[in-house]
Protein chains: 4
Amino acid sequence: MAIGIGLIGTGFMGKAHAMAYRSARAIMGDVPDCRLVALCDTPMANAEKFRDQYGFEEAFDDWRRLVEHPLVEVVSVATPNMLHAEIAIAALENCKHVWCEKPMALTLEDAEAMEAAAKAAGKVTLVGYNYLYNPALLHAKELIAEGHIGEVIHVRGYFDEDYQADPDLPWTWRARVRDAGLGALGDMACHSVSMIHELVGPIESLIADMQTVYPTRALADGSGRAAVENEDAATAVLRFPNGARGLITTSRCAWGRKNRVDIEVHGTKGQISFHGERMNELRVYVNEGPMARQGMTTILTGGAHPPYGNFVPAPGHQIGFLDLKTIEGAELLRAVAEGREARIPFSEALKYERVIHAMAESARNDGKRVTI
Amino acid sequence: MAIGIGLIGTGFMGKAHAMAYRSARAIMGDVPDCRLVALCDTPMANAEKFRDQYGFEEAFDDWRRLVEHPLVEVVSVATPNMLHAEIAIAALENCKHVWCEKPMALTLEDAEAMEAAAKAAGKVTLVGYNYLYNPALLHAKELIAEGHIGEVIHVRGYFDEDYQADPDLPWTWRARVRDAGLGALGDMACHSVSMIHELVGPIESLIADMQTVYPTRALADGSGRAAVENEDAATAVLRFPNGARGLITTSRCAWGRKNRVDIEVHGTKGQISFHGERMNELRVYVNEGPMARQGMTTILTGGAHPPYGNFVPAPGHQIGFLDLKTIEGAELLRAVAEGREARIPFSEALKYERVIHAMAESARNDGKRVTI
Amino acid sequence: MAIGIGLIGTGFMGKAHAMAYRSARAIMGDVPDCRLVALCDTPMANAEKFRDQYGFEEAFDDWRRLVEHPLVEVVSVATPNMLHAEIAIAALENCKHVWCEKPMALTLEDAEAMEAAAKAAGKVTLVGYNYLYNPALLHAKELIAEGHIGEVIHVRGYFDEDYQADPDLPWTWRARVRDAGLGALGDMACHSVSMIHELVGPIESLIADMQTVYPTRALADGSGRAAVENEDAATAVLRFPNGARGLITTSRCAWGRKNRVDIEVHGTKGQISFHGERMNELRVYVNEGPMARQGMTTILTGGAHPPYGNFVPAPGHQIGFLDLKTIEGAELLRAVAEGREARIPFSEALKYERVIHAMAESARNDGKRVTI
Amino acid sequence: MAIGIGLIGTGFMGKAHAMAYRSARAIMGDVPDCRLVALCDTPMANAEKFRDQYGFEEAFDDWRRLVEHPLVEVVSVATPNMLHAEIAIAALENCKHVWCEKPMALTLEDAEAMEAAAKAAGKVTLVGYNYLYNPALLHAKELIAEGHIGEVIHVRGYFDEDYQADPDLPWTWRARVRDAGLGALGDMACHSVSMIHELVGPIESLIADMQTVYPTRALADGSGRAAVENEDAATAVLRFPNGARGLITTSRCAWGRKNRVDIEVHGTKGQISFHGERMNELRVYVNEGPMARQGMTTILTGGAHPPYGNFVPAPGHQIGFLDLKTIEGAELLRAVAEGREARIPFSEALKYERVIHAMAESARNDGKRVTI
């Protein structure tokens with residue numbers, strides 16, 4: 001039986017979810033079929049347009065009708081962040097599985113409520129940390145787990161983009177805390193946190209600072225300027241339980257960076273690094289063999305790095321961002337079919353939320369150490 | 001009315017076609033719907049497995065039944081090269097549109113017959129030169145057309161992989177001329193030719209050499225060794241009508257290269273280069289402004305490079321190989337719906353075939369100049 | 001009249017000073033001649049060997065005799081760090097100009113005493129922040145000063161190497177505070193501080209953490225293990241008076257990094273970055289022109305970036321580490337001849353020392369904010 | 001006894017020779033001393049200026065007086081190419097050792113006469129193929145010799161610059177055959193030939209084409225335009241005695257390339273490549289270990305790659321172009337002191353000249369194969 005899908009939101013992430021559902025089985029083979037039952041967007045004309053384009057059966061402009069739809073088994077929450085909590089909780093209360101985009105919610109309290117709802121409902125949940133499904137990252141994880149670079153001693157996560165770098169961009173709801181919650185921390189740094197958790201493990205404590213580069217922006221209607229209430233950039237220095245250290249740094253005002261979700265992991269025997277703008281490459285250095293032959297090796301992902309080969313059998317031909325989402329969607333559908341927990345359920349993603357909120361808390365308290 | 005699709009072949013390219021058909025409309029919006037009517041593969045079990053996986057309605061193990069299927073309007077030819085000509089011609093004779101993978105055929109004569117059949121049928125044809133649909137390449141083409149690098153004076157096309165680099169790989173049909181035709185020229189160099197045609201224009205004449213690195217390979221059954229009849233590597237020096245010069249070089253024995261489909265175009269005002277293993281980047285140098293500030297600029301493709309934005313609105317997030325095929329499939333479907341010629345019809349692709357066969361001819365004649 | 005030179009130390013930096021003195025005038029043309037009067041090393045056999053090799057007139061194994069030598073006008077202090085303060089002060093008290101390697105001293109108190117001695121003596125002093133003389137950095141400084149990337153909003157300095165990455169390296173004096181003072185902060189991070197000062201300006205306050213990766217190391221004589229008393233790695237989050245933020249991170253245990261003295265400066269109009277392992281390149285992104293053509297430009301230094309052209313007239317042919325030292329030495333000799341202050345005198349370098357000691361202080365106090 | 005040096009020419013290469021003589025012993029330790037006896041340039045004022053700057057004892061404006069000078073034992077020929085043959089032969093006839101810049105001469109006949117003179121004189125000769133002394137190249141040579149990449153099957157040499165890329169540059173003597181001989185072949189491609197000889201061995205035959213991009217250039221005095229008689233670009237396809245193949249391509253009109261003296265060597269087990277604009281790096285791929293971990297390794301040269309460590313003990317700190325010349329000069333001085341042949345004597349360099357002249361000959365004959 002095909003799994004019934006309901007999708008809320010049709011933008012960047014809405015489209016990515018739609019494509020993932022459309023492609024997961026055809027790409028993977030061993031993923032259950034899904035049925036694109038219902039799509040929700042506003043206004044109704046948009047919902048209908050994308051229902052047609054993405055191939056859904058029904059269109060709604062009220063998400064409540066979608067989460068109550070009897071044929072919908074999985075709800076994809078790809079709305080603006082401010083709606084995540086309410087929708088996800090409602091979906092869970094309607095006994096739907098939920099695939100929710102990150103960050104979970106605007107506040108830690110809401111994220112905790114989502115996690116509680118997931119626990120109560122006992123349904124599959126999955127938060128959209130798509131970079132964790134990159135075959136390059138999966139290979140990094142395997143190498144680290146096998147001790148290829150020894151014991152991890154240091155890690156650095158970077159996430160820079162330039163979508164708010166232009167001082168002349170008009171003010172939007174993204175700048176208001178009650179609409180957007182955190183800024184760069186919620187948009188980007190939570191990805192770095194997720195990668196650090198996967199490759200190194202949970203963070204014990206941190207000190208942090210954050211920065212609003214442009215304190216006000218002009219209103220689009222020319223009526224004046226409004227405050228930017230959340231952070232454009234943030235940096236934390238990390239401690240891990242085993243003594244390892246690290247940092248996270250992020251900026252949405254970094255001209256020239258389009259998707260710099262980089263990570264470098266230092267071990268006692270080597271180093272692994274990944275550069276988000278070259279997502280089909282992994283860099284590895286290992287202290288093995290004669291020093292004269294040691295160097296940073298750039299691995300191009302290929303069939304030897306599952307599930308790359310499901311997309312293209314030939315190495316170096318490259319997968320793209322949407323393909324990551326397809327791998328993520330396949331994981332969700334498999335978890336639903338198998339009745340098991342998915343990778344990165346609400347309970348795991350909540351840990352990442354705690355870290356970004358800890359960064360904000362430390363920053364608000366002049367860099368005071370916050371234990372997580 | 002949805003366009004009826006028949007797909008022959010389910011491997012690397014068969015899957016790519018299937019995914020393109022599944023995704024083109026959802027990605028692009030303005031592409032006609034298609035109906036996945038029939039899929040053909042052998043043995044029948046395979047055909048049924050992939051019919052199910054890729055979402056086709058019917059399965060065949062005889063391609064003749066597929067090309068005669070009344071609901072099939074477009075035939076995708078994604079079989080081994082030796083079948084291209086026969087199937088494509090049969091499909092055209094059955095008044096089907098044809099999307100055929102490259103190279104067109106094993107011999108120039110067969111390719112010419114295909115072109116004649118296309119002309120006679122008056123149907124849409126398109127040969128799978130997928131790299132031409134890369135937004136980075138499209139941008140390069142636009143920059144060159146606008147004179148951004150001045151007049152083109154020199155061009156170099158490279159295509160290296162290492163899928164035949166290992167001397168211990170067993171002999172396969174790929175090594176036999178009557179099964180595979182050309183070697184590296186047909187697998188790879190024809191792509192370089194296509195890019196050169198798009199960015200610079202047709203080649204006037206050339207001198208060339210080719211090389212069979214491993215003259216024999218062990219038979220898989222241990223019964224001895226068989227000859228490798230076609231080229232592992234080839235290089236040509238090119239002349240263009242306007243006086244520009246260039247080269248094409250290719251090897252299927254280049255360890256470490258996985259998809260080095262690179263091109264560099266030198267102009268009187270600048271240079272543009274593209275590296276296939278970093279397909280979301282374009283490098284541009286222009287002699288403008290103070291020398292101290294001049295350098296090679298690495299552009300990351302994004303929404304400013306259509307149709308990248310149909311996949312991901314955010315720049316630098318990257319598209320993958322299958323996405324190129326989706327763009328190509330969208331072009332095919334639009335051409336069918338609009339009743340117009342597609343980009344790279346048989347008549348255009350035949351020009352590329354002439355060039356690789358001219359390279360082989362020159363090489364067989366000790367490098368004698370061949371005019372195209 | 002040639003300037004009389006005395007050099008103390010013959011290792012990495014001693015040789016670099018010797019070569020700088022030998023080359024500065026021949027490279028630059030407009031630098032005064034110097035006379036290589038005396039070289040000091042221990043034991044005497046070493047001093048004599050290098051006197052001969054480097055072309056000095058006299059050899060000493062007692063630095064006091066060198067700093068009192070009447071023909072010596074400039075003293076190069078290229079000894080282990082623990083001797084810097086004593087020698088530099090003695091040289092100044094003997095009315096010598098002093099070119100001292102970084103860091104100035106093991107403690108901030110000693111560095112302050114050096115600065116006081118310099119003030120009292122009124123002689124030229126210069127601390128060896130060689131990276132500041134790189135034509136690429138000089139160009140970056142000029143671009144920033146001209147507003148090429150707008151107002152600076154964020155800066156990140158990195159300095160990683162792997163000279164202490166191997167857990168099996170034996171314990172050395174480098175690990176003992178009374179011999180070596182700080183660890184990675186003194187060896188590397190002070191360079192990052194110097195680059196940040198040049199490109200952005202002084203730091204206002206910071207929070208920091210540091211890490212000793214290997215708390216003990218085996219004694220070389222097999223008699224047990226001894227403590228590593230100083231930091232292998234450190235990270236600080238920075239604030240600048242104008243509201244800009246940034247970070248410094250450093251590790252001497254970063255496998256694969258040989259000279260990663262990188263810096264990236266984010267501005268309101270662009271970004272500039274420099275990678276120490278590719279010291280002849282500068283990367284610049286500016287938000288100018290159509291978005292489709294924007295990208296990170298890699299400038300190869302050349303004659304347009306003085307004084308590169310004094311070494312090689314052809315761009316992209318590259319200068320090396322020793323050439324930086326030659327530029328630095330030329331600055332020293334010119335300052336002596338012109339009776340003016342050199343770039344990076346003790347008074348300026350002391351500011352950098354204050355920053356690394358502030359990092360250590362914050363780290364020792366659980367990340368408490370330290371104002372500089 | 002210090003070796004007496006006479007230097008003719010004070011430009012790019014003249015300065016490089018002067019610096020090499022000044023530095024070789026101080027850098028290497030085990031190189032004999034040299035005495036900078038005489039420098040020749042025109043007009044006399046220049047000779048005197050550079051005598052003073054480079055530290056020579058005497059200045060001449062007539063090179064004949066220098067080659068006859070009794071204290072001069074080695075003559076450095078760093079003049080425009082048109083004077084190489086005459087001066088070198090005269091120096092040899094005066095029983096001087098000769099360090100001559102490349103290319104040897106304007107014509108093959110002159111180069112042969114130089115070689116004959118060298119043979120007759122029995123003195124040390126060395127032609128300035130500086131890239132062969134790069135520790136990265138020396139390491140590549142060693143790896144290839146050890147079979148690290150298996151048997152060599154293919155090689156590609158590239159040398160592009162943009163010093164003649166601007167169509168508005170005025171005509172100079174460089175464009176006239178009787179003054180300059182070959183164009184890009186003599187300036188650049190001969191370096192590629194030298195690298196191919198060192199890493200792979202002699203070339204057996206080739207086919208080639210060449211191109212004059214700008215057939216005329218404006219005379220600087222505004223009196224009209226004059227012909228560019230030699231090639232701006234050239235490409236050859238190579239055959240080697242053992243069946244290996246390859247290519248050489250070069251252009252002096254390649255905007256953005258400042259020193260693209262690249263080489264890639266394909267073997268049966270791996271690939272090695274070197275990029276001239278990143279001269280402290282070597283790229284190596286070897287088919288060893290699991291495919292998932294294979295990649296191109298970027299080695300940063302360091303102490304493990306002699307004689308890098310003579311310049312800087314720390315890896316990744318980088319040497320520069322002048323340092324290559326110092327290594328070359330050290331080789332010359334050692335050969336003189338030891339009474340042995342130097343690397344790349346006239347007899348070896350003559351082989352490289354034969355190759356570039358064979359390229360020109362093939363190109364002039366419509367690409368006819370030329371056996372060397």
# chains A, B, ... in the order shown; residues from 1 in each chain; ligands from 1
>>> residues_around(residues="region 251-268 of chain B", least_positions_apart="5", cutoff="6 Å", atoms="only C-alpha atoms", output="JSON, numbers by chain")
{"A": [315, 316, 317], "B": [149, 150, 151, 152, 153, 154, 155, 156, 157, 158, 159, 160, 161, 162, 163, 164, 165, 184, 232, 233, 273, 274, 275, 276, 277], "D": [254, 266, 270, 271, 285]}
>>> interface_residues(of="chain C", to="chain B", cutoff="9 Å", atoms="only C-alpha atoms", output="list in words")
His139, Arg283, Val284, Tyr285, Pro290, Met291, Ala292, Arg293, Gln294, Gly295, Met296, Thr297, Thr298, Ile299, Leu300, Thr301, Gly302, Gly303, Ala304 and His305 of chain C
>>> write_last_selection(atoms="N, CA and C atoms", output="PDB file, in the first residue's frame")
ATOM      1  N   HIS C 139      48.386  43.979  -0.481  1.00  0.00           N
ATOM      2  CA  HIS C 139      47.306  44.326  -1.400  1.00  0.00           C
ATOM      3  C   HIS C 139      45.955  44.260  -0.686  1.00  0.00           C
ATOM      4  N   ARG C 283      42.171  36.053  -2.391  1.00  0.00           N
ATOM      5  CA  ARG C 283      40.811  35.846  -2.879  1.00  0.00           C
ATOM      6  C   ARG C 283      39.938  37.046  -2.517  1.00  0.00           C
ATOM      7  N   VAL C 284      39.229  37.550  -3.508  1.00  0.00           N
ATOM      8  CA  VAL C 284      38.425  38.751  -3.304  1.00  0.00           C
ATOM      9  C   VAL C 284      37.055  38.563  -3.943  1.00  0.00           C
ATOM     10  N   TYR C 285      36.033  38.894  -3.207  1.00  0.00           N
ATOM     11  CA  TYR C 285      34.667  38.906  -3.745  1.00  0.00           C
ATOM     12  C   TYR C 285      34.108  40.293  -3.495  1.00  0.00           C
ATOM     13  N   PRO C 290      26.442  42.397 -12.344  1.00  0.00           N
ATOM     14  CA  PRO C 290      25.330  41.439 -12.263  1.00  0.00           C
ATOM     15  C   PRO C 290      25.679  40.249 -11.375  1.00  0.00           C
ATOM     16  N   MET C 291      24.710  39.802 -10.605  1.00  0.00           N
ATOM     17  CA  MET C 291      24.931  38.664  -9.702  1.00  0.00           C
ATOM     18  C   MET C 291      25.449  37.446 -10.463  1.00  0.00           C
ATOM     19  N   ALA C 292      24.984  37.271 -11.692  1.00  0.00           N
ATOM     20  CA  ALA C 292      25.398  36.095 -12.466  1.00  0.00           C
ATOM     21  C   ALA C 292      26.896  36.054 -12.715  1.00  0.00           C
ATOM     22  N   ARG C 293      27.545  37.194 -12.608  1.00  0.00           N
ATOM     23  CA  ARG C 293      28.988  37.248 -12.893  1.00  0.00           C
ATOM     24  C   ARG C 293      29.820  37.379 -11.630  1.00  0.00           C
ATOM     25  N   GLN C 294      29.168  37.430 -10.483  1.00  0.00           N
ATOM     26  CA  GLN C 294      29.923  37.563  -9.236  1.00  0.00           C
ATOM     27  C   GLN C 294      30.507  36.224  -8.810  1.00  0.00           C
ATOM     28  N   GLY C 295      31.696  36.291  -8.278  1.00  0.00           N
ATOM     29  CA  GLY C 295      32.338  35.087  -7.775  1.00  0.00           C
ATOM     30  C   GLY C 295      33.589  35.479  -7.021  1.00  0.00           C
ATOM     31  N   MET C 296      34.211  34.495  -6.411  1.00  0.00           N
ATOM     32  CA  MET C 296      35.446  34.729  -5.680  1.00  0.00           C
ATOM     33  C   MET C 296      36.574  34.769  -6.701  1.00  0.00           C
ATOM     34  N   THR C 297      37.287  35.873  -6.711  1.00  0.00           N
ATOM     35  CA  THR C 297      38.384  36.037  -7.667  1.00  0.00           C
ATOM     36  C   THR C 297      39.703  35.690  -6.985  1.00  0.00           C
ATOM     37  N   THR C 298      40.455  34.810  -7.620  1.00  0.00           N
ATOM     38  CA  THR C 298      41.772  34.447  -7.107  1.00  0.00           C
ATOM     39  C   THR C 298      42.822  35.255  -7.846  1.00  0.00           C
ATOM     40  N   ILE C 299      43.398  36.204  -7.137  1.00  0.00           N
ATOM     41  CA  ILE C 299      44.449  37.037  -7.711  1.00  0.00           C
ATOM     42  C   ILE C 299      45.788  36.359  -7.471  1.00  0.00           C
ATOM     43  N   LEU C 300      46.563  36.191  -8.532  1.00  0.00           N
ATOM     44  CA  LEU C 300      47.943  35.714  -8.372  1.00  0.00           C
ATOM     45  C   LEU C 300      48.838  36.934  -8.263  1.00  0.00           C
ATOM     46  N   THR C 301      49.646  36.993  -7.230  1.00  0.00           N
ATOM     47  CA  THR C 301      50.467  38.192  -7.076  1.00  0.00           C
ATOM     48  C   THR C 301      51.495  38.284  -8.204  1.00  0.00           C
ATOM     49  N   GLY C 302      51.829  39.517  -8.501  1.00  0.00           N
ATOM     50  CA  GLY C 302      52.757  39.810  -9.588  1.00  0.00           C
ATOM     51  C   GLY C 302      53.315  41.210  -9.434  1.00  0.00           C
ATOM     52  N   GLY C 303      53.816  41.718 -10.532  1.00  0.00           N
ATOM     53  CA  GLY C 303      54.436  43.033 -10.489  1.00  0.00           C
ATOM     54  C   GLY C 303      53.498  44.141 -10.043  1.00  0.00           C
ATOM     55  N   ALA C 304      52.207  43.921 -10.171  1.00  0.00           N
ATOM     56  CA  ALA C 304      51.236  44.924  -9.740  1.00  0.00           C
ATOM     57  C   ALA C 304      51.079  44.949  -8.228  1.00  0.00           C
ATOM     58  N   HIS C 305      51.772  44.065  -7.542  1.00  0.00           N
ATOM     59  CA  HIS C 305      51.678  43.983  -6.080  1.00  0.00           C
ATOM     60  C   HIS C 305      53.059  44.143  -5.477  1.00  0.00           C
TER      61      HIS C 305
END
>>> residues_around(residues="Leu333 (chain B)", least_positions_apart="5", cutoff="8 Å", atoms="only C-alpha atoms", output="PyMOL selection string")
chain B and resi 3+31-32
>>> residues_around(residues="Ala360 (chain A)", least_positions_apart="4", cutoff="9 Å", atoms="only C-alpha atoms", output="list in words")
Leu182, Leu185, Ala208, Asp209, Met210, Glu231, Ala234, Val355, Ile356, Arg364 and Asn365 of chain A
>>> atom_distance(atom1="CA of Asp30 (chain D)", atom2="CA of Gly4 (chain D)")
17.2 Å
>>> select_by_dssp(residues="region 38-230 of chain D", states="strand (DSSP E or B)", output="count of residues only")
39
>>> residues_around(residues="Met195 (chain D)", least_positions_apart="5", cutoff="9 Å", atoms="only C-alpha atoms", output="short mmCIF file (atom, residue, chain, number, x, y, z; two decimals) with N, CA, C and O atoms, in the first residue's frame")
data_model
loop_
_atom_site.label_atom_id
_atom_site.label_comp_id
_atom_site.auth_asym_id
_atom_site.auth_seq_id
_atom_site.Cartn_x
_atom_site.Cartn_y
_atom_site.Cartn_z
N TYR D 129 66.94 25.29 -17.16
CA TYR D 129 65.60 24.69 -17.03
C TYR D 129 65.23 24.61 -15.55
O TYR D 129 65.18 23.55 -14.95
N TYR D 131 62.67 24.79 -13.70
CA TYR D 131 61.56 24.04 -13.09
C TYR D 131 61.97 22.62 -12.70
O TYR D 131 61.34 22.01 -11.84
N LEU D 132 63.01 22.13 -13.33
CA LEU D 132 63.47 20.76 -13.03
C LEU D 132 64.07 20.65 -11.63
O LEU D 132 64.29 19.55 -11.13
N LEU D 137 58.93 18.60 -8.31
CA LEU D 137 59.25 17.85 -9.54
C LEU D 137 60.25 16.74 -9.25
O LEU D 137 60.15 15.63 -9.80
N GLY D 157 51.93 18.09 -21.22
CA GLY D 157 52.61 19.29 -20.73
C GLY D 157 51.92 20.53 -21.25
O GLY D 157 51.60 20.61 -22.43
N CYS D 190 59.61 24.77 -24.44
CA CYS D 190 60.84 24.02 -24.17
C CYS D 190 60.91 23.59 -22.71
O CYS D 190 61.47 22.55 -22.39
N VAL D 200 59.50 11.32 -18.13
CA VAL D 200 59.03 10.24 -19.00
C VAL D 200 60.13 9.75 -19.93
O VAL D 200 60.29 8.55 -20.13
N GLY D 201 60.91 10.66 -20.48
CA GLY D 201 61.97 10.27 -21.40
C GLY D 201 61.81 10.95 -22.75
O GLY D 201 60.90 11.75 -22.94
N ILE D 263 52.08 19.84 -15.69
CA ILE D 263 52.34 18.56 -16.33
C ILE D 263 51.50 17.50 -15.64
O ILE D 263 51.28 17.57 -14.42
#
>>> residues_around(residues="Glu48 (chain A)", least_positions_apart="5", cutoff="10 Å", atoms="only C-alpha atoms", output="MDAnalysis selection string")
chainID A and resid 39:43 53:54 56:61
>>> closest_residue(among="C:His17, C:Arg343, C:Lys119, C:Arg51", to="Val75 (chain C)", atoms="only C-alpha atoms")
C:His17
>>> select_by_dssp(residues="region 170-278 of chain B", states="helix (DSSP H, G or I)", output="PyMOL selection string")
chain B and resi 173-175+177-180+184-199+276-278
>>> decode(residues="region 25-39 of chain B", atoms="N, CA, C and O atoms", output="PDB file, in the first residue's frame")
ATOM      1  N   ARG B  25       8.351  18.111 -15.275  1.00  0.00           N
ATOM      2  CA  ARG B  25       7.242  19.049 -15.065  1.00  0.00           C
ATOM      3  C   ARG B  25       7.221  19.599 -13.636  1.00  0.00           C
ATOM      4  O   ARG B  25       6.992  20.799 -13.414  1.00  0.00           O
ATOM      5  N   ALA B  26       7.436  18.733 -12.663  1.00  0.00           N
ATOM      6  CA  ALA B  26       7.416  19.181 -11.269  1.00  0.00           C
ATOM      7  C   ALA B  26       8.495  20.225 -11.005  1.00  0.00           C
ATOM      8  O   ALA B  26       8.306  21.165 -10.241  1.00  0.00           O
ATOM      9  N   ILE B  27       9.645  20.059 -11.668  1.00  0.00           N
ATOM     10  CA  ILE B  27      10.735  21.016 -11.497  1.00  0.00           C
ATOM     11  C   ILE B  27      10.471  22.309 -12.263  1.00  0.00           C
ATOM     12  O   ILE B  27      10.658  23.403 -11.741  1.00  0.00           O
ATOM     13  N   MET B  28      10.037  22.159 -13.488  1.00  0.00           N
ATOM     14  CA  MET B  28       9.970  23.321 -14.378  1.00  0.00           C
ATOM     15  C   MET B  28       8.633  24.045 -14.325  1.00  0.00           C
ATOM     16  O   MET B  28       8.579  25.248 -14.593  1.00  0.00           O
ATOM     17  N   GLY B  29       7.565  23.319 -14.085  1.00  0.00           N
ATOM     18  CA  GLY B  29       6.265  23.969 -14.057  1.00  0.00           C
ATOM     19  C   GLY B  29       5.632  24.080 -15.426  1.00  0.00           C
ATOM     20  O   GLY B  29       4.502  23.654 -15.627  1.00  0.00           O
ATOM     21  N   ASP B  30       6.380  24.609 -16.366  1.00  0.00           N
ATOM     22  CA  ASP B  30       5.794  24.888 -17.687  1.00  0.00           C
ATOM     23  C   ASP B  30       6.098  23.790 -18.706  1.00  0.00           C
ATOM     24  O   ASP B  30       6.116  24.046 -19.905  1.00  0.00           O
ATOM     25  N   VAL B  31       6.335  22.600 -18.233  1.00  0.00           N
ATOM     26  CA  VAL B  31       6.612  21.480 -19.129  1.00  0.00           C
ATOM     27  C   VAL B  31       5.365  20.607 -19.163  1.00  0.00           C
ATOM     28  O   VAL B  31       4.723  20.404 -18.133  1.00  0.00           O
ATOM     29  N   PRO B  32       5.009  20.080 -20.353  1.00  0.00           N
ATOM     30  CA  PRO B  32       3.803  19.241 -20.399  1.00  0.00           C
ATOM     31  C   PRO B  32       3.960  17.970 -19.563  1.00  0.00           C
ATOM     32  O   PRO B  32       5.062  17.475 -19.369  1.00  0.00           O
ATOM     33  N   ASP B  33       2.849  17.501 -19.108  1.00  0.00           N
ATOM     34  CA  ASP B  33       2.803  16.231 -18.392  1.00  0.00           C
ATOM     35  C   ASP B  33       3.252  15.105 -19.292  1.00  0.00           C
ATOM     36  O   ASP B  33       3.088  15.178 -20.508  1.00  0.00           O
ATOM     37  N   CYS B  34       3.794  14.065 -18.700  1.00  0.00           N
ATOM     38  CA  CYS B  34       4.011  12.895 -19.529  1.00  0.00           C
ATOM     39  C   CYS B  34       3.465  11.658 -18.813  1.00  0.00           C
ATOM     40  O   CYS B  34       3.264  11.637 -17.599  1.00  0.00           O
ATOM     41  N   ARG B  35       3.194  10.676 -19.599  1.00  0.00           N
ATOM     42  CA  ARG B  35       2.615   9.431 -19.108  1.00  0.00           C
ATOM     43  C   ARG B  35       3.615   8.326 -19.386  1.00  0.00           C
ATOM     44  O   ARG B  35       4.020   8.140 -20.541  1.00  0.00           O
ATOM     45  N   LEU B  36       4.030   7.626 -18.354  1.00  0.00           N
ATOM     46  CA  LEU B  36       5.091   6.631 -18.500  1.00  0.00           C
ATOM     47  C   LEU B  36       4.462   5.333 -18.982  1.00  0.00           C
ATOM     48  O   LEU B  36       4.082   4.461 -18.193  1.00  0.00           O
ATOM     49  N   VAL B  37       4.342   5.198 -20.282  1.00  0.00           N
ATOM     50  CA  VAL B  37       3.562   4.119 -20.878  1.00  0.00           C
ATOM     51  C   VAL B  37       4.260   2.775 -20.805  1.00  0.00           C
ATOM     52  O   VAL B  37       3.701   1.785 -20.332  1.00  0.00           O
ATOM     53  N   ALA B  38       5.493   2.723 -21.291  1.00  0.00           N
ATOM     54  CA  ALA B  38       6.111   1.409 -21.458  1.00  0.00           C
ATOM     55  C   ALA B  38       7.606   1.478 -21.263  1.00  0.00           C
ATOM     56  O   ALA B  38       8.258   2.459 -21.635  1.00  0.00           O
ATOM     57  N   LEU B  39       8.120   0.413 -20.683  1.00  0.00           N
ATOM     58  CA  LEU B  39       9.556   0.289 -20.450  1.00  0.00           C
ATOM     59  C   LEU B  39      10.004  -1.052 -21.002  1.00  0.00           C
ATOM     60  O   LEU B  39       9.314  -2.072 -20.834  1.00  0.00           O
TER      61      LEU B  39
END
